[in-house]
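**Student:** Got a structure for you, written out below as structure tokens; questions coming shortly.
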There are 2 protein chains.
Amino acid sequence: MNVPGPLNFKPLDSSSEPDGAGRVIIENVWPEIDGGRTPVKRVMGEEVKVWADIFCDGHDILSAEILYRAEGETEWQRTPLAFVEQDRWKGTFPLEKNARYLFTIEAWRDVFGSWLNEVQKKKAAGQNVASEITEGVALLEKAAARAPTVKNILADVRKEEAGSDSQLDILLDPVAAKTIQDAAERGNLSRYDRELVVIADRIAARFSAWYELFPRSMSDDPARHGTFDDVIAKLPYVRGMGFDVLYFPPIHPIGKKNRKGRNNALKAERGDPGSVYAIGSEEGGHDAVHPELGTIEDFRRLVAAAKEEGLEIALDFAIQCSPDHPWIREHPEWFDWRPDGTLKYAENPPKKYEDIVNVDFYNEGAFPALWLALRDVVMFWAKEGVRIFRVDNPHTKPLPFWKWMIRDVTRVYPDAIFLAEAFTRPKMMRALAKIGFQQSYTYFTWRNTKAELAAYVTELGGDMGEYYRPNFFVNTPDINPIPLQTAGRAGFIARATLAATLSGSWGVYSGFELCEATPLPGKEEYLDSEKYEIKAWDWNRPGNIRAHITALNAIRRDNPALHDFRNVLFLNAWNDNVLAYARLTPERDNCVVVLVNLDPHNRQDVSFEIPLWEFGLPDHATIEAQDLLGKENFTLRGKVQTVALDPATRPVFIWRLIPPVSQSKP
Amino acid sequence: MNVPGPLNFKPLDSSSEPDGAGRVIIENVWPEIDGGRTPVKRVMGEEVKVWADIFCDGHDILSAEILYRAEGETEWQRTPLAFVEQDRWKGTFPLEKNARYLFTIEAWRDVFGSWLNEVQKKKAAGQNVASEITEGVALLEKAAARAPTVKNILADVRKEEAGSDSQLDILLDPVAAKTIQDAAERGNLSRYDRELVVIADRIAARFSAWYELFPRSMSDDPARHGTFDDVIAKLPYVRGMGFDVLYFPPIHPIGKKNRKGRNNALKAERGDPGSVYAIGSEEGGHDAVHPELGTIEDFRRLVAAAKEEGLEIALDFAIQCSPDHPWIREHPEWFDWRPDGTLKYAENPPKKYEDIVNVDFYNEGAFPALWLALRDVVMFWAKEGVRIFRVDNPHTKPLPFWKWMIRDVTRVYPDAIFLAEAFTRPKMMRALAKIGFQQSYTYFTWRNTKAELAAYVTELGGDMGEYYRPNFFVNTPDINPIPLQTAGRAGFIARATLAATLSGSWGVYSGFELCEATPLPGKEEYLDSEKYEIKAWDWNRPGNIRAHITALNAIRRDNPALHDFRNVLFLNAWNDNVLAYARLTPERDNCVVVLVNLDPHNRQDVSFEIPLWEFGLPDHATIEAQDLLGKENFTLRGKVQTVALDPATRPVFIWRLIPPVSQSKP
């Protein structure tokens, strides 16, 4: 038999000679995004579930395997796919490393297995199978020619009379049959026409709790510029609330030319520290630290102290430059100049941003020198032990730059994580994730009603979740959410609870835990923004929600159901001011139920359903539960429960359901 | 500025040098099936609507074009895509030939257009734009270097003072601006990474009415074998009912060895003509005609006479061979032989089909000689003027064969149409369409309830409709639908109406118009099946529905809304025994409303909605209508209408809605 090579069908073959390839069809492979153009993202230690439609003409039995390897490995590893139903097959392969993986699929006609099936059916129908036995022996001979493992079986078969039942008995012996099947020809082997990419990140890419602060505000004295040592002194405060990642806005020297004053004033007053985003001065650029914060040695001590405390430092990667940035002098070809010889400032006509200028990635002379220099900035900080980068406004820089840079850095530091700070049109948000960002800011701060939240979380958890990992920041230095400005403490508790329990990663910008919300009047911004001045906070301000945040982060750590973001099950709750949802592990061995009162001013009574059905329990069943905020255990009777959510006392509930052991799936 | 080549992003680039390509993102292109692996199907004369997400970092204005060409043309033709909303763009290109088309997309930063936009915004804000004018002139100079069309503009501009408003006025002149824009640099040009295939078939591939008959039964005398001349005498009968395609089961010599008798008896009696599907005898094989039907010259006269009558002949392409087929002697290597030297019969263990043997497509010696021979059978009949082939059981032959064969034949005869007679698992049904079959049998005969019909038609009209074109046969020689066996005349009218008005193509096997439904007891088959014997029909049998079928085919011809199958709009109808739907052209200039009583035994009263909203009319509006079966015109008042569907008198309604002229879209 002529077995064509492992090609699948091509849409545009133009030869008039058939190549015969592609007899066994492999299609509709999952996970595959954008026809295989977009890698999917997973976490090291997981199994990738792979699905495919696999079929062929006729009645032959088929077999199929997943071929997978980590980048850099030359040999494919193989693991079987199993038939499920209606031509659908399923298998899994493990992600053992923090690396990029490739996988594809091979499928073939199981020639010996088909023979087995046929001869058994005929024998069961009482037909004479002497001829079929001879055929089976011929298949065995072919297999023996390629695999020594079946030579003994062939020797045994040859001792018996040709076409005899004794020969058949040997061939039908399960152990022998399996050995022959494995060694036999793979008829009409097809290979899927793409090698699909799965990126196995470390878990922090999906599950992390971020805290953002301005190091220069850590002196607790508005008259004194904070230092890295002041930050070291604050580490127990941050870690005490249970955060994993401590993120700083830019820590680089700040330009003096056109420096912004307080509240974004066009002109700085004497002593104003300027915007941390106006990066670069005669003291250095993106690979320098602002002298008032300390030295690079001080920074190293901070990184080490944070690590000691269980915190990972994340830095800001903001590409714009102040007019004093050394690159402007050293590499004028990286910037845009006007015909009159002046530098072009950042602008969105008619708006102008006169304390920063942007590089031009495609300028003659900037490509690729600038690209390499920017990558090397990241590499510089990675070498200093920083492996998480929050990237400022990535959507205003070319996507090919990010794609290449992230790929290049993660080849050396596979544990590097880039968080895209884009708040722009949905398709650009998605594209940034598709081309490599491991984590993304979201529209969370603008999703407030029950319908908005449910729709958005559902969208994130669908196909989008294959490549886009949300980080729900409750606030940022740029976003003082309008609803929080009047919500009071109950609103802060509600939003923190939503962020911490609806997303794998969530983030807090300091002040949130103190319920700070004083706006620039009429704006979504903070009054006296820390972006332009040094602040001092009263960390024990009355009414703060530090205890609630601490509880949230502890609950997150202790409950595996909260370690992903694609397992949210919204629950029927007969009150449009109450969002109710469950989070469940695939094995159903951990289940957290959350109720949030979205109305910060009024008590809301609600009847809602607890997901008894997920454990195979009837609607009238009882189930044990634990109040994860209050800690007491209790028994719930029946599917519909009623609670009161009072802003003054208890605006949210978080329960763990404890099903009878026999009801969690293996 | 350095403009990288027209590449889009690649998932697996492993160089550490950036290539800079893909700055302008092109993704989510439509129509694209299976990531571009499956061609989409359209009809010659149509416009292909193309959609894509196109976006880029920053605020520059983008432009985009569809590139398209018919296969064989070397130059791309270009037509613009226009921005719609949210990064979504749309355009169309025409299918002028019966050919395969390729298309792809290019998009780029419109450098001059972006400059125009910027300078106009700044001017509107009262800013000084002298520097911007100088930049605009520089762009003009670049454009002039490549396009003589802008040289005059440049000459005019140079007469004015540099940076002056007079220069700006020249650049802002709409005609000049458009000329410069067209000539100017295409910044960061991206090309989509796939060339997508669109097959432009002739309309018959999507819209046709088939009639199937056995030529040997056309003598109207069961004792006399019908001839091609007898068929010629029946052409007015078939065309009189309005059919377009006249399809014959195999017309080739029939084997004698193991010939089947009446009702599929294992042994034929003397005089039994055998199954037409046992192809091949000493009188010839697949390129011969059965001598009792006539000669090849007689067949040619039949083809010509049918054409004269407005009918197109479709032949059966059934690959199996009788044991007497000449190929078995001439090409034993194309068949499977048992070790004992006997031929393997077709079988599905433990079932055996002893009057036919199957070729083995991948036998040593059969690949590719057999493939070429089978293609040449089709080419033989195509040369005889046959361009429609109903392919018997294609799912039991290798898909690569069909893919190659259909591609190869249509390269010579682009008007060739292959109808896949597969009744098998859904994914194989779809795969046959994906790899080339222009038309497909369906599950229609097993979709009888309102819910089944609506779900199935909706499925066919979705993404599946991009490549799969249904032909709703109401019966076949193999399928005597169980519900029709007891439905009586009203049931036949209902099923004919459903098939003719829910699918672009529909088909009738002769006898249906006479309401023939006598089954093999307990089976979905006809008693005394014509497959095994010569029948004589009373073409004027009382109770026949010829007049209704004639009306259906006339209505189909006259109403463009019925020429596609993807425009079915199911209507609210408050009776589960009544299926109500509208068919609408995209322009809303033709609208047919159909009501079918699915209960053949009882009168059903139904209130239902006519789709006033499709014409922008309010629920209380009046609309003119025409009864397409009764011919009278009338006025409908309001959205909800009530009718009675009585099996005895009127089991179906077919109305044409005639909206006020101003309400149909341009």
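Scheme for the structure tokens: letters A, B, ... for chains in order shown; per-chain residue numbers from 1; ligand numbers from 1 in order shown.
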Excluding range 494-504 of chain B and residues on its chain fewer than 5 positions from it, collect all residues at most 6 Å away from it, counting only C-alpha atoms, and give them as a count of residues only.

**Tutor:** 6

**Student:** Near range 175-191 of chain A, within 8 Å and counting only C-alpha atoms, which residues show up once chain neighbours fewer than 6 positions away are dropped, as a PyMOL selection string?

**Tutor:** chain A and resi 3-8+21-26+104-113+139-140+142-144+146-147+149-150+153

**Student:** Find the residues of chain B in contact range of chain A, meaning any atom within 7 Å when counting only C-alpha atoms, and list them as a compact mmCIF listing (two decimals) with all heavy atoms, in the first residue's frame.

**Tutor:**
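Written output follows (out_3.txt):
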# COMPACT_ATOMS: atom_id res chain seq x y z
N MET B 1 11.96 57.62 6.26
CA MET B 1 11.31 56.59 7.10
C MET B 1 11.51 55.20 6.50
O MET B 1 11.39 55.00 5.30
CB MET B 1 9.81 56.91 7.22
CG MET B 1 9.10 55.92 8.11
SD MET B 1 7.44 56.45 8.48
CE MET B 1 7.74 57.85 9.56
N ASN B 2 11.82 54.29 7.36
CA ASN B 2 12.10 52.92 6.95
C ASN B 2 10.77 52.14 6.91
O ASN B 2 10.12 51.97 7.92
CB ASN B 2 13.04 52.33 8.00
CG ASN B 2 13.49 50.95 7.61
OD1 ASN B 2 12.79 50.27 6.88
ND2 ASN B 2 14.64 50.55 8.11
N PRO B 11 3.66 33.97 14.23
CA PRO B 11 3.67 33.56 15.64
C PRO B 11 5.02 33.02 16.11
O PRO B 11 5.26 32.94 17.28
CB PRO B 11 2.60 32.47 15.70
CG PRO B 11 2.46 31.97 14.32
CD PRO B 11 2.85 33.10 13.40
N SER B 16 16.43 37.45 16.91
CA SER B 16 16.39 38.50 17.92
C SER B 16 16.53 39.88 17.28
O SER B 16 16.58 40.88 17.97
CB SER B 16 17.47 38.27 18.97
OG SER B 16 18.73 38.49 18.39
N PRO B 18 14.58 42.62 15.26
CA PRO B 18 13.19 42.88 14.89
C PRO B 18 13.07 43.07 13.39
O PRO B 18 14.01 43.55 12.75
CB PRO B 18 12.88 44.18 15.63
CG PRO B 18 14.20 44.87 15.77
CD PRO B 18 15.21 43.77 15.93
N GLY B 20 10.14 44.59 12.28
CA GLY B 20 9.34 45.80 12.22
C GLY B 20 8.03 45.67 11.45
O GLY B 20 7.24 46.61 11.41
N ALA B 21 7.78 44.49 10.87
CA ALA B 21 6.60 44.34 10.03
C ALA B 21 5.34 44.16 10.86
O ALA B 21 5.40 43.74 12.01
CB ALA B 21 6.78 43.16 9.10
N GLY B 22 4.21 44.47 10.25
CA GLY B 22 2.94 44.22 10.90
C GLY B 22 2.48 45.34 11.82
O GLY B 22 1.66 45.12 12.71
N ARG B 23 2.97 46.55 11.58
CA ARG B 23 2.53 47.65 12.44
C ARG B 23 1.04 47.89 12.30
O ARG B 23 0.34 48.15 13.28
CB ARG B 23 3.30 48.93 12.08
CG ARG B 23 2.94 50.08 12.99
CD ARG B 23 3.76 51.32 12.71
NE ARG B 23 3.51 52.33 13.71
CZ ARG B 23 4.05 53.54 13.67
NH1 ARG B 23 4.88 53.88 12.69
NH2 ARG B 23 3.76 54.42 14.62
N ASP B 34 -12.35 28.23 8.81
CA ASP B 34 -11.26 27.35 9.25
C ASP B 34 -9.90 28.02 9.09
O ASP B 34 -8.95 27.42 8.57
CB ASP B 34 -11.27 26.03 8.45
CG ASP B 34 -12.49 25.18 8.73
OD1 ASP B 34 -13.02 25.28 9.85
OD2 ASP B 34 -12.93 24.44 7.84
N GLY B 35 -9.81 29.28 9.49
CA GLY B 35 -8.53 29.97 9.40
C GLY B 35 -8.03 30.09 7.97
O GLY B 35 -6.82 30.19 7.75
N ARG B 37 -8.46 27.81 5.61
CA ARG B 37 -8.18 26.51 5.00
C ARG B 37 -9.31 26.10 4.04
O ARG B 37 -9.08 25.32 3.12
CB ARG B 37 -8.02 25.44 6.08
CG ARG B 37 -6.82 25.68 7.02
CD ARG B 37 -6.86 24.71 8.19
NE ARG B 37 -5.80 24.91 9.15
CZ ARG B 37 -5.90 25.62 10.26
NH1 ARG B 37 -7.04 26.23 10.56
NH2 ARG B 37 -4.89 25.74 11.09
N THR B 38 -10.53 26.57 4.29
CA THR B 38 -11.68 26.16 3.49
C THR B 38 -12.13 27.30 2.58
O THR B 38 -12.41 28.40 3.07
CB THR B 38 -12.83 25.75 4.43
OG1 THR B 38 -12.45 24.59 5.15
CG2 THR B 38 -14.12 25.48 3.66
N ASP B 57 -1.22 51.46 16.16
CA ASP B 57 -0.95 52.36 17.27
C ASP B 57 -1.12 53.81 16.82
O ASP B 57 -0.98 54.13 15.64
CB ASP B 57 0.48 52.14 17.77
CG ASP B 57 1.52 52.41 16.71
OD1 ASP B 57 1.69 51.56 15.80
OD2 ASP B 57 2.16 53.46 16.75
N GLY B 58 -1.39 54.68 17.78
CA GLY B 58 -1.40 56.11 17.50
C GLY B 58 -2.66 56.59 16.82
O GLY B 58 -3.68 55.90 16.77
N GLU B 118 -4.31 66.48 10.80
CA GLU B 118 -3.64 67.18 11.89
C GLU B 118 -3.62 68.68 11.66
O GLU B 118 -3.95 69.48 12.56
CB GLU B 118 -2.20 66.64 12.01
CG GLU B 118 -1.38 67.32 13.08
CD GLU B 118 0.10 66.88 13.06
OE1 GLU B 118 0.38 65.75 12.61
OE2 GLU B 118 0.95 67.68 13.47
N LYS B 121 -7.04 70.25 12.16
CA LYS B 121 -7.42 70.37 13.57
C LYS B 121 -6.70 71.54 14.24
O LYS B 121 -7.29 72.31 15.00
CB LYS B 121 -7.08 69.07 14.33
CG LYS B 121 -8.12 68.00 14.19
CD LYS B 121 -7.80 66.84 15.15
CE LYS B 121 -8.75 65.69 14.94
NZ LYS B 121 -8.24 64.47 15.58
N LYS B 122 -5.40 71.65 13.94
CA LYS B 122 -4.62 72.72 14.57
C LYS B 122 -5.08 74.08 14.09
O LYS B 122 -5.17 75.04 14.86
CB LYS B 122 -3.14 72.52 14.28
CG LYS B 122 -2.53 71.38 15.07
CD LYS B 122 -1.03 71.26 14.84
CE LYS B 122 -0.44 70.18 15.72
NZ LYS B 122 0.97 69.90 15.35
N ALA B 125 -8.06 75.11 15.77
CA ALA B 125 -7.80 75.54 17.15
C ALA B 125 -7.00 76.84 17.19
O ALA B 125 -6.58 77.27 18.27
CB ALA B 125 -7.08 74.43 17.91
N SER B 131 5.10 75.47 10.54
CA SER B 131 5.98 74.30 10.54
C SER B 131 5.27 73.10 9.89
O SER B 131 5.87 72.34 9.13
CB SER B 131 6.37 73.99 11.99
OG SER B 131 7.18 72.86 12.03
N THR B 134 5.36 73.28 6.12
CA THR B 134 6.64 72.83 5.57
C THR B 134 6.70 71.30 5.53
O THR B 134 7.18 70.71 4.56
CB THR B 134 7.79 73.38 6.44
OG1 THR B 134 7.52 74.76 6.74
CG2 THR B 134 9.10 73.27 5.70
N GLU B 135 6.15 70.68 6.57
CA GLU B 135 6.11 69.21 6.57
C GLU B 135 5.24 68.68 5.43
O GLU B 135 5.58 67.68 4.78
CB GLU B 135 5.55 68.69 7.91
CG GLU B 135 6.51 68.85 9.07
CD GLU B 135 5.88 68.37 10.38
OE1 GLU B 135 5.06 69.12 10.96
OE2 GLU B 135 6.19 67.25 10.80
N ARG B 338 -8.47 -11.26 -1.97
CA ARG B 338 -8.20 -12.04 -0.77
C ARG B 338 -6.95 -12.90 -1.01
O ARG B 338 -6.57 -13.16 -2.14
CB ARG B 338 -9.37 -12.97 -0.45
CG ARG B 338 -10.67 -12.25 -0.32
CD ARG B 338 -11.73 -13.15 0.30
NE ARG B 338 -12.77 -12.28 0.81
CZ ARG B 338 -12.72 -11.67 1.99
NH1 ARG B 338 -11.68 -11.87 2.78
NH2 ARG B 338 -13.69 -10.88 2.38
N PRO B 339 -6.35 -13.36 0.09
CA PRO B 339 -5.19 -14.26 -0.07
C PRO B 339 -5.52 -15.48 -0.92
O PRO B 339 -4.65 -16.01 -1.60
CB PRO B 339 -4.87 -14.67 1.37
CG PRO B 339 -5.39 -13.53 2.20
CD PRO B 339 -6.61 -13.03 1.50
N ASP B 340 -6.82 -15.90 -0.93
CA ASP B 340 -7.16 -17.09 -1.73
C ASP B 340 -7.40 -16.75 -3.19
O ASP B 340 -7.87 -17.58 -3.97
CB ASP B 340 -8.38 -17.79 -1.12
CG ASP B 340 -9.64 -16.92 -1.14
OD1 ASP B 340 -9.59 -15.80 -1.73
OD2 ASP B 340 -10.66 -17.33 -0.59
N PRO B 349 -18.97 -5.30 7.72
CA PRO B 349 -19.12 -6.54 8.48
C PRO B 349 -20.15 -6.42 9.60
O PRO B 349 -20.12 -5.43 10.32
CB PRO B 349 -17.72 -6.77 9.07
CG PRO B 349 -16.78 -6.04 8.15
CD PRO B 349 -17.56 -4.87 7.64
N PRO B 350 -21.04 -7.40 9.77
CA PRO B 350 -21.08 -8.65 9.00
C PRO B 350 -21.88 -8.56 7.69
O PRO B 350 -22.03 -9.57 7.02
CB PRO B 350 -21.77 -9.61 9.98
CG PRO B 350 -22.67 -8.74 10.78
CD PRO B 350 -22.02 -7.40 10.87
N TYR B 362 -5.84 3.39 -2.63
CA TYR B 362 -4.43 3.50 -2.26
C TYR B 362 -3.66 2.21 -2.52
O TYR B 362 -2.53 2.07 -2.07
CB TYR B 362 -4.32 3.91 -0.78
CG TYR B 362 -4.70 5.36 -0.54
CD1 TYR B 362 -5.99 5.71 -0.19
CD2 TYR B 362 -3.74 6.37 -0.67
CE1 TYR B 362 -6.33 7.04 0.03
CE2 TYR B 362 -4.07 7.70 -0.45
CZ TYR B 362 -5.37 8.03 -0.09
OH TYR B 362 -5.71 9.34 0.13
N ASN B 363 -4.29 1.26 -3.22
CA ASN B 363 -3.55 0.05 -3.57
C ASN B 363 -2.31 0.41 -4.36
O ASN B 363 -2.31 1.37 -5.14
CB ASN B 363 -4.42 -0.85 -4.46
CG ASN B 363 -4.91 -2.07 -3.71
OD1 ASN B 363 -4.67 -2.20 -2.51
ND2 ASN B 363 -5.61 -2.94 -4.41
N GLU B 364 -1.28 -0.39 -4.17
CA GLU B 364 -0.10 -0.28 -5.02
C GLU B 364 -0.59 -0.43 -6.47
O GLU B 364 -1.32 -1.37 -6.78
CB GLU B 364 0.86 -1.45 -4.66
CG GLU B 364 2.23 -1.31 -5.23
CD GLU B 364 3.15 -0.55 -4.27
OE1 GLU B 364 3.22 -0.95 -3.11
OE2 GLU B 364 3.76 0.45 -4.71
N PRO B 368 -1.40 6.61 -8.71
CA PRO B 368 -2.57 7.41 -9.02
C PRO B 368 -3.36 6.96 -10.24
O PRO B 368 -4.30 7.64 -10.66
CB PRO B 368 -1.96 8.78 -9.30
CG PRO B 368 -0.66 8.45 -9.98
CD PRO B 368 -0.20 7.14 -9.41
N HIS B 395 -18.78 9.74 0.82
CA HIS B 395 -18.13 9.61 2.13
C HIS B 395 -17.46 8.26 2.33
O HIS B 395 -16.75 8.07 3.31
CB HIS B 395 -19.13 9.85 3.25
CG HIS B 395 -20.31 8.92 3.20
ND1 HIS B 395 -21.26 8.98 2.21
CD2 HIS B 395 -20.69 7.90 4.02
CE1 HIS B 395 -22.17 8.05 2.43
NE2 HIS B 395 -21.85 7.39 3.52
N THR B 396 -17.69 7.32 1.41
CA THR B 396 -17.00 6.04 1.54
C THR B 396 -15.76 5.98 0.66
O THR B 396 -15.15 4.93 0.52
CB THR B 396 -17.95 4.87 1.19
OG1 THR B 396 -18.36 5.03 -0.17
CG2 THR B 396 -19.18 4.88 2.09
N LYS B 397 -15.43 7.10 0.02
CA LYS B 397 -14.20 7.19 -0.77
C LYS B 397 -13.31 8.28 -0.17
O LYS B 397 -13.81 9.20 0.47
CB LYS B 397 -14.53 7.53 -2.23
CG LYS B 397 -15.14 6.37 -3.02
CD LYS B 397 -16.65 6.38 -2.92
CE LYS B 397 -17.28 5.11 -3.47
NZ LYS B 397 -18.75 5.06 -3.18
N PRO B 398 -12.02 8.21 -0.44
CA PRO B 398 -11.11 9.16 0.24
C PRO B 398 -11.38 10.61 -0.16
O PRO B 398 -11.54 10.94 -1.33
CB PRO B 398 -9.72 8.73 -0.25
CG PRO B 398 -9.89 7.31 -0.69
CD PRO B 398 -11.29 7.20 -1.22
N LEU B 399 -11.40 11.47 0.83
CA LEU B 399 -11.60 12.89 0.58
C LEU B 399 -10.53 13.49 -0.33
O LEU B 399 -10.85 14.34 -1.17
CB LEU B 399 -11.66 13.65 1.91
CG LEU B 399 -12.94 13.36 2.72
CD1 LEU B 399 -12.75 13.76 4.17
CD2 LEU B 399 -14.13 14.09 2.13
N PRO B 400 -9.26 13.08 -0.21
CA PRO B 400 -8.27 13.67 -1.12
C PRO B 400 -8.59 13.38 -2.59
O PRO B 400 -8.24 14.17 -3.46
CB PRO B 400 -6.95 13.00 -0.71
CG PRO B 400 -7.17 12.55 0.69
CD PRO B 400 -8.63 12.20 0.78
N PHE B 401 -9.25 12.24 -2.85
CA PHE B 401 -9.63 11.97 -4.23
C PHE B 401 -10.62 13.00 -4.73
O PHE B 401 -10.46 13.59 -5.78
CB PHE B 401 -10.22 10.55 -4.38
CG PHE B 401 -10.87 10.36 -5.72
CD1 PHE B 401 -10.10 10.25 -6.87
CD2 PHE B 401 -12.26 10.36 -5.85
CE1 PHE B 401 -10.70 10.13 -8.12
CE2 PHE B 401 -12.86 10.24 -7.10
CZ PHE B 401 -12.08 10.12 -8.23
N TRP B 404 -9.07 16.53 -5.17
CA TRP B 404 -8.24 16.64 -6.36
C TRP B 404 -9.08 16.56 -7.64
O TRP B 404 -8.91 17.34 -8.56
CB TRP B 404 -7.18 15.53 -6.34
CG TRP B 404 -6.54 15.33 -7.67
CD1 TRP B 404 -5.55 16.07 -8.22
CD2 TRP B 404 -6.89 14.33 -8.63
NE1 TRP B 404 -5.24 15.60 -9.47
CE2 TRP B 404 -6.05 14.52 -9.75
CE3 TRP B 404 -7.83 13.28 -8.66
CZ2 TRP B 404 -6.12 13.70 -10.88
CZ3 TRP B 404 -7.90 12.48 -9.78
CH2 TRP B 404 -7.05 12.69 -10.88
N ASP B 408 -9.58 19.37 -10.41
CA ASP B 408 -8.99 19.13 -11.72
C ASP B 408 -10.05 19.28 -12.82
O ASP B 408 -9.77 19.85 -13.88
CB ASP B 408 -8.39 17.73 -11.74
CG ASP B 408 -7.12 17.69 -12.56
OD1 ASP B 408 -6.29 18.62 -12.42
OD2 ASP B 408 -6.94 16.73 -13.33

**Student:** Counting only C-alpha atoms, which residue out of A:Cys515, A:Arg390, A:Ala346, A:Ala52 sits closest to Val84 in chain A?

**Tutor:** A:Ala52

**Student:** Could you pull out the strand (DSSP E or B) residues of range 253-442 of chain B from DSSP and send them as a PyMOL selection string?

**Tutor:** chain B and resi 254+279+281+284+312-317+321+335+337+343+346-348+351-353+357+359+388-392+417-421+439-440

**Student:** Might you pull out every residue within 7 Å of Pro651 in chain A, with only C-alpha atoms counted and same-chain residues fewer than 5 positions away left off, and present them as a ChimeraX atom specification?

**Tutor:** /A:490,494,596-597,645-646

**Student:** Quick one: pick out all alpha helix (DSSP H) residues within range 221-317 of chain B from a backbone DSSP run and write them as a list in words.

**Tutor:**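 Alpha helix (DSSP H) assignments inside range 221-317 of chain B correspond to Phe228, Asp229, Asp230, Val231, Ile232, Ala233, Lys234, Leu235, Pro236, Tyr237, Val238, Arg239, Gly240, Ile296, Glu297, Asp298, Phe299, Arg300, Arg301, Leu302, Val303, Ala304, Ala305, Ala306, Lys307, Glu308 and Glu309 of chain B.
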
**Student:** Using only C-alpha atoms, determine which residues lie at most 8 Å from Leu95 in chain B, disregarding the query and same-chain residues fewer than 6 positions distant; provide the list as a list in words.

**Tutor:**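 The neighbour list is Val43, Met44, Gly45, Glu46, Glu47, Val48, Tyr101 and Ala200 of chain B.
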
**Student:** I want to know what sits within 9 Å of range 453-470 of chain A, based on only C-alpha atoms, with residues of the same chain fewer than 6 positions away left out; could you give that as a PyMOL selection string?

**Tutor:** chain A and resi 31-33+38-42+205-206+429-430+432-434+436-444+447+502-506+565-570+579

**Student:** Record the distance separating CA of Glu85 in chain B and CA of Glu65 in chain B, expressed in Å with one decimal.

**Tutor:**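 Taking CA of Glu85 in chain B and CA of Glu65 in chain B, their separation equals 16.6 Å.
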
**Student:** So that I can check the surroundings of Ile623 in chain A, please list as a list in words every protein, DNA and RNA residue that reaches within 12 Å of it, counting only C-alpha atoms and ignoring chain neighbours fewer than 3 positions away.

**Tutor:**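 Counting only C-alpha atoms, the residues come to Cys591, Ile610, Pro611, Leu612, Trp613, Phe615, Gly616, Leu617, Pro618, Asp619, His620, Gln626, Asn633, Phe634, Thr635, Leu636, Arg637, Gly638, Lys639, Val640, Gln641, Trp655, Arg656, Leu657, Ile658, Pro659, Pro660, Val661 and Gln663 of chain A.
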
**Student:** Closest to Ile549 in chain A among A:Leu629, A:Ala268, A:Ala416, A:Leu302, using only C-alpha atoms?

**Tutor:**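 Going through A:Leu629, A:Ala268, A:Ala416, A:Leu302 one by one, the smallest distance to Ile549 in chain A is for A:Leu629.
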
**Student:** Would you pick out the contacts of Ile356 in chain B at 6 Å or less, using only C-alpha atoms, so that residues sharing its chain but fewer than 2 positions from it are not included, and give the list as a PDB file with N, CA and C atoms, in the first residue's frame?

**Tutor:**
ATOM      1  N   ALA B 278     -24.945  -1.682  -9.963  1.00  0.00           N
ATOM      2  CA  ALA B 278     -23.953  -2.737 -10.209  1.00  0.00           C
ATOM      3  C   ALA B 278     -23.366  -2.449 -11.588  1.00  0.00           C
ATOM      4  N   CYS B 321     -18.111  -1.187  -8.738  1.00  0.00           N
ATOM      5  CA  CYS B 321     -18.132  -1.974  -9.967  1.00  0.00           C
ATOM      6  C   CYS B 321     -18.852  -3.295  -9.734  1.00  0.00           C
ATOM      7  N   SER B 322     -19.544  -3.748 -10.759  1.00  0.00           N
ATOM      8  CA  SER B 322     -20.069  -5.110 -10.688  1.00  0.00           C
ATOM      9  C   SER B 322     -18.892  -6.071 -10.898  1.00  0.00           C
ATOM     10  N   GLU B 354     -22.963  -8.416  -2.445  1.00  0.00           N
ATOM     11  CA  GLU B 354     -22.229  -9.321  -3.331  1.00  0.00           C
ATOM     12  C   GLU B 354     -22.363  -8.994  -4.811  1.00  0.00           C
TER      13      GLU B 354
END

**Student:** Calculated over only C-alpha atoms, which of the candidates A:Glu96, A:Glu624, A:Asp316, A:Glu513 has the smallest distance to Tyr237 in chain A?

**Tutor:**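 Among the listed residues, A:Glu513 lies closest to Tyr237 in chain A.
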